[in-house]
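Only one structure is covered here, and it is reproduced in the block below.
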There are 4 protein chains.
Amino acid sequence: MAIFLGDNQYGKAENRVVRIVRDSPRHEIHDLNVSTALRGPFGPAYLEGDQSNVLPTDTQKNTAFAFAKLVGTDSIENYGLALARHFVGDVAPVEGARIEIEEYAWERAVIDGVEHDHTWTRAGRETRTAAVTVDATGEYVIGGFKYLVILKSTGSEFAGFLVDEFTTLQETHDRVMATSLVAKWRFDSTDVDWNATYDKVKAIMIREFATLQSLALQQTLWHMGKAVIEEIPSIVEVRLSAPNKHHFLVDLSPFGLENPGEVFIAADRPYGLIEAQVLDENAPPAGDAWRIAAGLA
Amino acid sequence: MAIFLGDNQYGKAENRVVRIVRDSPRHEIHDLNVSTALRGPFGPAYLEGDQSNVLPTDTQKNTAFAFAKLVGTDSIENYGLALARHFVGDVAPVEGARIEIEEYAWERAVIDGVEHDHTWTRAGRETRTAAVTVDATGEYVIGGFKYLVILKSTGSEFAGFLVDEFTTLQETHDRVMATSLVAKWRFDSTDVDWNATYDKVKAIMIREFATLQSLALQQTLWHMGKAVIEEIPSIVEVRLSAPNKHHFLVDLSPFGLENPGEVFIAADRPYGLIEAQVLDENAPPAGDAWRIAAGLA
Amino acid sequence: MAIFLGDNQYGKAENRVVRIVRDSPRHEIHDLNVSTALRGPFGPAYLEGDQSNVLPTDTQKNTAFAFAKLVGTDSIENYGLALARHFVGDVAPVEGARIEIEEYAWERAVIDGVEHDHTWTRAGRETRTAAVTVDATGEYVIGGFKYLVILKSTGSEFAGFLVDEFTTLQETHDRVMATSLVAKWRFDSTDVDWNATYDKVKAIMIREFATLQSLALQQTLWHMGKAVIEEIPSIVEVRLSAPNKHHFLVDLSPFGLENPGEVFIAADRPYGLIEAQVLDENAPPAGDAWRIAAGLA
Amino acid sequence: MAIFLGDNQYGKAENRVVRIVRDSPRHEIHDLNVSTALRGPFGPAYLEGDQSNVLPTDTQKNTAFAFAKLVGTDSIENYGLALARHFVGDVAPVEGARIEIEEYAWERAVIDGVEHDHTWTRAGRETRTAAVTVDATGEYVIGGFKYLVILKSTGSEFAGFLVDEFTTLQETHDRVMATSLVAKWRFDSTDVDWNATYDKVKAIMIREFATLQSLALQQTLWHMGKAVIEEIPSIVEVRLSAPNKHHFLVDLSPFGLENPGEVFIAADRPYGLIEAQVLDENAPPAGDAWRIAAGLA
């Protein structure tokens with residue numbers, strides 16, 4: 001009987017890199033959570049505890065902070081590419097690098113109608129994400145966000161569904177639809193205006209969510225992904241994960257009250273969970289663009 | 001030896017009330033988390049299990065949802081007052097009611113530059129809070145917010161502090177100052193434009209945080225509280241709890257790099273915690289305005 | 001109009017102190033979360049930014065770690081008393097100190113039936129707490145725990161309650177009762193076997209929860225607090241906060257199934273919240289034993 | 001340009017199923033969090049909003065609760081298999097089902113040395129998990145746990161690692177090693193004593209963690225996975241994800257104190273993250289055993 005080491009990677013997760021750009025009195029802030037992972041000939045570290053090829057995770061942390069100074073963090077995609085290229089190109093045994101980054105949004109404080117030079121409040125809205133993979137097969141960038149919480153108070157239906165012996169749900173033609181959307185999109189290039197593209201993807205998805213008379217959350221997701229690929233040539237794949245955050249109409253009739261879509265209880269659990277992948281048929285191979293950690297897949 | 005029942009209260013916590021105002025095609029959304037608690041002659045429920053005076057927490061839940069329809073939720077302070085007055089005035093044995101409410105902010109979706117009638121995204125910024133107490137001594141309203149995350153990249157110092165044998169900290173005259181502020185303010189009236197006042201308090205606090213050359217977070221808190229009381233006559237007391245969210249300058253010198261206030265690591269724990277109460281000397285008695293649950297004090 | 005500084009305190013929160021006792025090959029582990037706060041003549045720090053009386057929170061952190069070596073952490077109550085006495089007794093301007101500590105439980109790993117000398121797994125059960133206050137009026141110790149999650153599958157009723165126009169709840173004489181209990185108890189002495197007493201309090205509370213045929217969670221709390229004061233002379237006050245973690249019987253009748261108390265859905269929100277204080281009539285004054293931060297009260 | 005729908009699934013997540021077995025006065029409790037997902041010809045729901053093949057997530061929820069009565073929950077693996085087989089076998093359009101379950105551990109209350117018949121406290125230790133996939137290619141069961149928090153106070157080293165220009169870490173031959181382990185193991189059969197096997201896997205992993213003189217967390221993970229496959233014939237693959245929960249020795253020398261491995265600060269972020277897959281070379285194909293939601297991969 002033979003047992004062998006399969007997929008593996010190691011790195012430093014959640015380096016909280018905050019970069020202040022102070023080249024002028026009007027400062028800028030970039031607030032990042034950076035995770036690095038390396039792939040390569042690390043079998044001996046597992047099988048014999050031989051670290052000779054292992055760049056310490058502490059060094060990966062130092063590198064993440066140093067690169068925030070060396071290359072800056074104007075976009076998390078470019079910063080992630082620089083980090084990944086360094087690990088693969090400059091550290092001999094490393095064959096592949098995976099850099100995952102979250103960026104938290106801040107809004108400039110406005111004092112008496114004037115934007116302040118060096119004070120911000122956390123916007124708290126959705127978190128922008130990037131996943132950059134560099135290996136012998138190429139460079140792959142996935143943009144995204146997580147937890148875009150969006151709700152529409154009408155323009156959503158659910159009817160005509162399959163019924164079996166465990167079905168008690170009633171049809172509805174006017175309901176609240178809400179989700180906390182996780183979206184990821186794959187680029188076919190690294191020559192992209194990352195920040196402008198992020199804003200455009202978000203605007204398209206919000207537009208589709210708002211304007212489609214939805215027959216199901218599935219249909220809304222499809223329209224979101226399809227519109228992004230149609231309108232942004234550099235994006236060839238979109239993946240969406242959407243919890244259906246149920247808002248149940250409260251029965252006020254025991255109290256002699258009508259409730260025409262006005263008072264809802266926001267439920268925590270359980271929730272529907274709809275997930276889908278939308279692809280351009282001409283998308284190039286994804287390589288390890290979507291590969292995540294072994295233990296988590 | 002005699003043992004007796006002291007302070008006590010009971011209620012229903014975290015009713016997730018979502019109210020859609022759909023009187024016109026342009027809907028409004030109010031997203032609340034409502035907790036009710038009743039005080040009065042409930043000793044027999046504890047000592048003998050006699051529920052005859054106990055209005056079930058399930059009924060309190062029903063009442064919270066019904067009142068979202070009956071009186072609306074245009075401001076959490078007025079909605080809370082209506083609920084508290086009902087419990088004390090309409091439910092015979094109840095002597096006091098405490099209503100605590102959180103409100104989550106939503107932003108109207110903008111599609112091609114036009115605000116959408118019935119779609120919003122969660123703003124995710126600070127949570128507005130209210131605590132309303134009604135009892136035989138009067139009516140008390142505390143407004144507030146929690147987790148206003150605010151940061152300034154300069155204009156903050158810390159020096160001239162006490163030194164003992166366990167002190168290793170170096171003085172600084174230029175540091176990042178950041179907090180996740182919890183603020184509560186007591187009104188001396190219930191005849192207030194609650195929503196406009198909330199916006200004004202928040203603007204004043206952000207202004208003071210941004211514009212004061214801070215010698216310590218303590219000094220910043222004092223200026224925040226003092227300015228609110230000075231500029232808003234209906235507010236007579238402010239309480240502030242401010243974690244000092246440390247952003248440590250990263251030493252890049254081992255890598256031959258300078259770091260003139262550009263690259264920081266955002267630390268999780270430990271954190272400083274500064275708390276203060278600022279009062280108008282003419283403030284009326286607070287009664288039970290600040291009283292919270294026995295078990296938590 | 002005069003505005004003044006009221007209650008205030010400052011300190012370092014959540015110092016994650018892990019103490020390994022390795023005097024013998026059989027190590028011990030104490031895993032603590034330590035928060036310190038100082039009270040005294042700190043007004044100038046707020047009003048003028050004058051830090052000359054301010055012992056930095058960074059120094060308080062250093063002190064917490066140094067005392068883990070100097071006095072050890074065999075009980076969080078004694079460790080907290082040593083820290084508080086040091087701040088009040090050895091740091092000139094300090095008039096009062098409040099030390100709040102959480103302790104996380106670990107269980108020794110058992111390998112082939114033998115306890116291992118230096119490996120543990122986190123028990124993950126309730127968190128033990130202590131709050132120590134030392135000031136000119138004396139020394140006060142509050143023991144406690146938070147989040148003791150306990151459930152009984154029968155032996156709980158709720159009936160005979162007050163009914164009003166918003167009441168829809170049905171009576172029940174057999175339900176699941178569950179809570180995530182927060183309990184705090186005040187001692188009238190500092191000469192206590194802290195660890196043995198903690199175990200005894202927990203055992204008494206679990207016994208009362210299990211054995212009382214409960215007519216209401218209120219009744220169960222009263223019996224818990226009363227029994228602790230009766231059986232442990234050094235404890236003169238108990239405070240309890242108990243969310244009623246609802247487990248609703250699922251209606252399986254649409255599927256032709258009976259459900260005699262077998263299948264429940266555990267609800268998240270809303271939940272009942274019952275809170276009570278139980279006192280020995282001969283309890284000495286509590287002083288600032290229960291005083292918490294201004295901003296949070 | 002053609003755009004198409006790729007991978008997709010939908011279901012109901014986090015059904016909080018609590019099952020009380022009360023066939024005798026000595027009750028049993030099973031506390032589960034059940035997520036179901038269906039795969040099949042659901043394209044029309046996305047592309048045209050046609051729900052005719054869509055079994056509502058609400059129905060999936062009902063089914064999860066009904067099956068807790070119909071087949072019981074003695075092991076989450078068998079319960080998950082029953083649910084998955086039902087969806088694939090009894091609901092015409094469904095081609096594949098994925099059932100993911102978490103089980104929370106409870107300990108029977110002990111009153112005066114005697115186990116109580118119907119009262120428990122939450123153990124709070126690691127969460128047991130199962131992921132069951134049934135489709136046309138077969139039946140796949142993955143057992144596991146998440147967040148087994150384990151620590152050793154000695155018997156861990158880290159030295160001989162690769163050094164580059166960003167490396168500042170010092171070698172160590174005696175450190176604290178701690179992790180919060182996520183482990184998943186694939187079975188080659190569905191004819192398994194699931195509960196006994198779970199206990200055995202956990203015991204083996206704790207044994208390897210404790211007894212190996214570790215040269216790196218990588219080495220410890222390899223020994224854990226290898227031992228499980230060697231000692232449990234029905235397990236053919238193990239996947240491990242292990243954050244390196246750093247415990248840093250505190251420098252007490254400024255205070256004239258030595259610290260020979262006694263006082264540590266438990267750090268939150270960043271943390272190392274080591275992940276590995278260990279395989280039996282004779283493992284059968286995994287099919288979709290490891291496939292998770294599109295949006296998350």
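The way I read the labels, and the way they are meant: chains A, B, ... in the order of the structure tokens, residue 1 as the first residue of every chain, and ligand 1 as the first ligand shown, with later ones counted on from there.
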Exercise for review: Would you please give, as a list in words, all residues of range 124-156 of chain B that DSSP assigns to strand (DSSP E) based on the backbone?
Suggested key: Thr127, Arg128, Thr129, Ala130, Ala131, Val132, Thr133, Val134, Asp135, Gly138, Glu139, Tyr140, Val141, Ile142, Gly143, Gly144, Phe145, Lys146, Tyr147, Leu148, Val149, Ile150, Leu151 and Lys152 of chain B
Point to revise | Close residues, range 182-194 of chain A itself excluded, 7 Å, only C-alpha atoms, min 3 positions apart in chain, as a PyMOL selection string | key: (chain A and resi 75+77+141-148+197-198+234-242+284) or (chain D and resi 295)
C-alpha atoms of the current selection, written as a PDB file, in the first residue's frame:
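That gives us selection.pdb:
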ATOM      1  CA  SER A  75      -4.951  48.576  -7.696  1.00  0.00           C
ATOM      2  CA  GLU A  77      -4.718  43.417  -9.151  1.00  0.00           C
ATOM      3  CA  VAL A 141      -6.389  37.459 -12.637  1.00  0.00           C
ATOM      4  CA  ILE A 142      -9.804  37.093 -11.028  1.00  0.00           C
ATOM      5  CA  GLY A 143     -11.535  40.227  -9.850  1.00  0.00           C
ATOM      6  CA  GLY A 144     -14.530  40.231  -7.605  1.00  0.00           C
ATOM      7  CA  PHE A 145     -16.394  41.436  -4.595  1.00  0.00           C
ATOM      8  CA  LYS A 146     -18.089  39.772  -1.688  1.00  0.00           C
ATOM      9  CA  TYR A 147     -21.155  40.671   0.297  1.00  0.00           C
ATOM     10  CA  LEU A 148     -22.767  43.224  -1.960  1.00  0.00           C
ATOM     11  CA  THR A 197     -13.467  47.965 -14.668  1.00  0.00           C
ATOM     12  CA  TYR A 198     -14.393  47.171 -11.073  1.00  0.00           C
ATOM     13  CA  SER A 234     -11.665  41.625 -21.066  1.00  0.00           C
ATOM     14  CA  ILE A 235     -13.975  39.525 -18.850  1.00  0.00           C
ATOM     15  CA  VAL A 236     -14.599  35.982 -20.110  1.00  0.00           C
ATOM     16  CA  GLU A 237     -16.128  34.253 -17.090  1.00  0.00           C
ATOM     17  CA  VAL A 238     -18.296  35.227 -14.139  1.00  0.00           C
ATOM     18  CA  ARG A 239     -19.093  33.137 -11.063  1.00  0.00           C
ATOM     19  CA  LEU A 240     -21.875  34.097  -8.710  1.00  0.00           C
ATOM     20  CA  SER A 241     -22.969  32.865  -5.319  1.00  0.00           C
ATOM     21  CA  ALA A 242     -26.173  34.385  -4.025  1.00  0.00           C
ATOM     22  CA  PRO A 284      -9.110  30.829 -22.898  1.00  0.00           C
TER      23      PRO A 284
ATOM     24  CA  GLY D 295     -19.193  30.753  -6.962  1.00  0.00           C
TER      25      GLY D 295
END
Exercise for review: Taking only C-alpha atoms into account, report as a PyMOL selection string which residues of chain B lie within 7 Å of chain D.
Suggested key: chain B and resi 165-166+255+268
**Study point:** Test item: residues at most 7 Å from range 130-139 of chain A, only C-alpha atoms, excluding those fewer than 2 positions along its chain, as a VMD selection string
**Key:** chain A and resid 76 to 77 80 to 81 84 to 85 88 95 to 102 141 to 144 288 to 289
What would the file look like if the residues just selected were written as a PDB file, in the first residue's frame with C-alpha atoms?
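Result written to result-v8.pdb:
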ATOM      1  CA  ILE A  76      -5.019  45.265  -5.848  1.00  0.00           C
ATOM      2  CA  GLU A  77      -4.718  43.417  -9.151  1.00  0.00           C
ATOM      3  CA  GLY A  80      -1.001  41.120  -6.515  1.00  0.00           C
ATOM      4  CA  LEU A  81       0.626  40.526  -9.910  1.00  0.00           C
ATOM      5  CA  ALA A  84       3.180  36.792  -7.537  1.00  0.00           C
ATOM      6  CA  ARG A  85       5.755  37.541 -10.246  1.00  0.00           C
ATOM      7  CA  VAL A  88       7.838  32.870  -8.986  1.00  0.00           C
ATOM      8  CA  GLU A  95       6.874  27.304  -9.212  1.00  0.00           C
ATOM      9  CA  GLY A  96       3.542  28.979  -8.578  1.00  0.00           C
ATOM     10  CA  ALA A  97       2.145  31.791  -6.456  1.00  0.00           C
ATOM     11  CA  ARG A  98      -1.412  32.559  -5.466  1.00  0.00           C
ATOM     12  CA  ILE A  99      -2.166  36.012  -4.058  1.00  0.00           C
ATOM     13  CA  GLU A 100      -5.632  36.679  -2.649  1.00  0.00           C
ATOM     14  CA  ILE A 101      -6.472  40.228  -1.606  1.00  0.00           C
ATOM     15  CA  GLU A 102      -9.456  41.963  -0.030  1.00  0.00           C
ATOM     16  CA  VAL A 141      -6.389  37.459 -12.637  1.00  0.00           C
ATOM     17  CA  ILE A 142      -9.804  37.093 -11.028  1.00  0.00           C
ATOM     18  CA  GLY A 143     -11.535  40.227  -9.850  1.00  0.00           C
ATOM     19  CA  GLY A 144     -14.530  40.231  -7.605  1.00  0.00           C
ATOM     20  CA  ASP A 288      -5.205  27.324 -12.000  1.00  0.00           C
ATOM     21  CA  ALA A 289      -7.081  30.626 -11.965  1.00  0.00           C
TER      22      ALA A 289
END
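Residues with any atom within 12 Å of Asp164 in chain C, counting only C-alpha atoms and excluding same-chain neighbours fewer than 6 positions away, are Pro254 and Phe255 of chain A; Ser52, Asn53, Val54, Leu55, Pro56, Asp58, Thr59, Gln60, Asn62, Thr63, His86, Phe87, Asp90, Val91, Ala92 and Pro93 of chain B.
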Exercise for review: Could you give me, as a PyMOL selection string, each residue of range 135-289 of chain C that DSSP assigns to helix (DSSP H, G or I) when run on this structure's backbone?
Suggested key: chain C and resi 194-211+217-231+253-255
Residues of the last selection are to be written out with N, CA and C atoms, as a tab-separated table (two decimals), in the first residue's frame.
chain	number	residue	atom	x	y	z
C	194	TRP	N	-10.63	30.16	44.53
C	194	TRP	CA	-11.34	30.63	43.34
C	194	TRP	C	-11.69	29.50	42.39
C	195	ASN	N	-10.74	28.62	42.13
C	195	ASN	CA	-10.99	27.58	41.13
C	195	ASN	C	-12.02	26.56	41.61
C	196	ALA	N	-11.93	26.16	42.86
C	196	ALA	CA	-12.91	25.21	43.39
C	196	ALA	C	-14.30	25.84	43.42
C	197	THR	N	-14.34	27.14	43.76
C	197	THR	CA	-15.64	27.81	43.82
C	197	THR	C	-16.27	27.92	42.45
C	198	TYR	N	-15.44	28.20	41.44
C	198	TYR	CA	-15.97	28.27	40.08
C	198	TYR	C	-16.65	26.96	39.70
C	199	ASP	N	-15.96	25.87	39.95
C	199	ASP	CA	-16.54	24.57	39.59
C	199	ASP	C	-17.85	24.32	40.35
C	200	LYS	N	-17.88	24.76	41.60
C	200	LYS	CA	-19.07	24.51	42.42
C	200	LYS	C	-20.26	25.34	41.93
C	201	VAL	N	-20.01	26.62	41.61
C	201	VAL	CA	-21.10	27.47	41.10
C	201	VAL	C	-21.68	26.86	39.82
C	202	LYS	N	-20.79	26.48	38.93
C	202	LYS	CA	-21.26	25.92	37.65
C	202	LYS	C	-22.09	24.65	37.89
C	203	ALA	N	-21.62	23.81	38.79
C	203	ALA	CA	-22.35	22.57	39.07
C	203	ALA	C	-23.74	22.85	39.65
C	204	ILE	N	-23.80	23.82	40.54
C	204	ILE	CA	-25.09	24.16	41.17
C	204	ILE	C	-26.07	24.67	40.11
C	205	MET	N	-25.58	25.55	39.24
C	205	MET	CA	-26.48	26.14	38.23
C	205	MET	C	-26.98	25.08	37.26
C	206	ILE	N	-26.10	24.18	36.85
C	206	ILE	CA	-26.52	23.11	35.94
C	206	ILE	C	-27.53	22.20	36.64
C	207	ARG	N	-27.28	21.92	37.91
C	207	ARG	CA	-28.20	21.06	38.68
C	207	ARG	C	-29.60	21.69	38.75
C	208	GLU	N	-29.66	22.98	39.06
C	208	GLU	CA	-30.97	23.63	39.18
C	208	GLU	C	-31.68	23.69	37.84
C	209	PHE	N	-30.93	23.98	36.78
C	209	PHE	CA	-31.53	24.02	35.45
C	209	PHE	C	-32.14	22.67	35.09
C	210	ALA	N	-31.40	21.62	35.41
C	210	ALA	CA	-31.82	20.27	35.01
C	210	ALA	C	-32.99	19.75	35.84
C	211	THR	N	-32.96	20.02	37.14
C	211	THR	CA	-33.87	19.29	38.03
C	211	THR	C	-35.18	20.02	38.31
C	217	LEU	N	-38.58	30.44	32.32
C	217	LEU	CA	-37.13	30.63	32.44
C	217	LEU	C	-36.85	31.54	33.64
C	218	GLN	N	-37.75	32.48	33.93
C	218	GLN	CA	-37.56	33.34	35.11
C	218	GLN	C	-37.41	32.51	36.37
C	219	GLN	N	-38.28	31.49	36.51
C	219	GLN	CA	-38.25	30.68	37.71
C	219	GLN	C	-36.93	29.90	37.81
C	220	THR	N	-36.47	29.40	36.66
C	220	THR	CA	-35.21	28.67	36.64
C	220	THR	C	-34.05	29.57	37.06
C	221	LEU	N	-34.04	30.80	36.58
C	221	LEU	CA	-32.95	31.71	36.94
C	221	LEU	C	-32.94	32.00	38.44
C	222	TRP	N	-34.13	32.22	39.00
C	222	TRP	CA	-34.23	32.50	40.43
C	222	TRP	C	-33.66	31.33	41.24
C	223	HIS	N	-34.03	30.11	40.84
C	223	HIS	CA	-33.53	28.95	41.58
C	223	HIS	C	-32.03	28.79	41.43
C	224	MET	N	-31.50	29.11	40.27
C	224	MET	CA	-30.04	29.05	40.08
C	224	MET	C	-29.33	30.03	41.02
C	225	GLY	N	-29.80	31.27	41.00
C	225	GLY	CA	-29.11	32.29	41.80
C	225	GLY	C	-29.26	32.04	43.29
C	226	LYS	N	-30.46	31.64	43.69
C	226	LYS	CA	-30.74	31.42	45.11
C	226	LYS	C	-29.89	30.28	45.66
C	227	ALA	N	-29.80	29.21	44.87
C	227	ALA	CA	-29.03	28.05	45.34
C	227	ALA	C	-27.54	28.38	45.49
C	228	VAL	N	-27.02	29.18	44.58
C	228	VAL	CA	-25.60	29.54	44.66
C	228	VAL	C	-25.34	30.34	45.95
C	229	ILE	N	-26.20	31.30	46.25
C	229	ILE	CA	-25.99	32.13	47.45
C	229	ILE	C	-26.18	31.30	48.71
C	230	GLU	N	-27.14	30.38	48.67
C	230	GLU	CA	-27.38	29.54	49.85
C	230	GLU	C	-26.22	28.59	50.13
C	231	GLU	N	-25.62	28.07	49.07
C	231	GLU	CA	-24.64	26.99	49.26
C	231	GLU	C	-23.20	27.47	49.28
C	253	SER	N	-47.21	17.54	9.98
C	253	SER	CA	-48.51	16.96	9.60
C	253	SER	C	-48.80	17.07	8.10
C	254	PRO	N	-48.33	18.13	7.39
C	254	PRO	CA	-48.59	18.17	5.94
C	254	PRO	C	-47.99	16.96	5.22
C	255	PHE	N	-47.05	16.29	5.88
C	255	PHE	CA	-46.37	15.15	5.24
C	255	PHE	C	-46.84	13.83	5.85
Practice item. Do a neighbour search on Thr119 in chain C at 12 Å with only C-alpha atoms, toss out local chain neighbours closer than 6 positions, and write the hits as an NGL selection string. Key: (:C and (20 or 25-29 or 106-111)) or (:D and (149-156 or 176-179 or 206-212))
Check your understanding: To one decimal place, how far is CA of Pro243 in chain A from CA of Tyr271 in chain A in Å?
Key ->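 Spanning CA of Pro243 in chain A to CA of Tyr271 in chain A is a straight-line distance of 6.2 Å.
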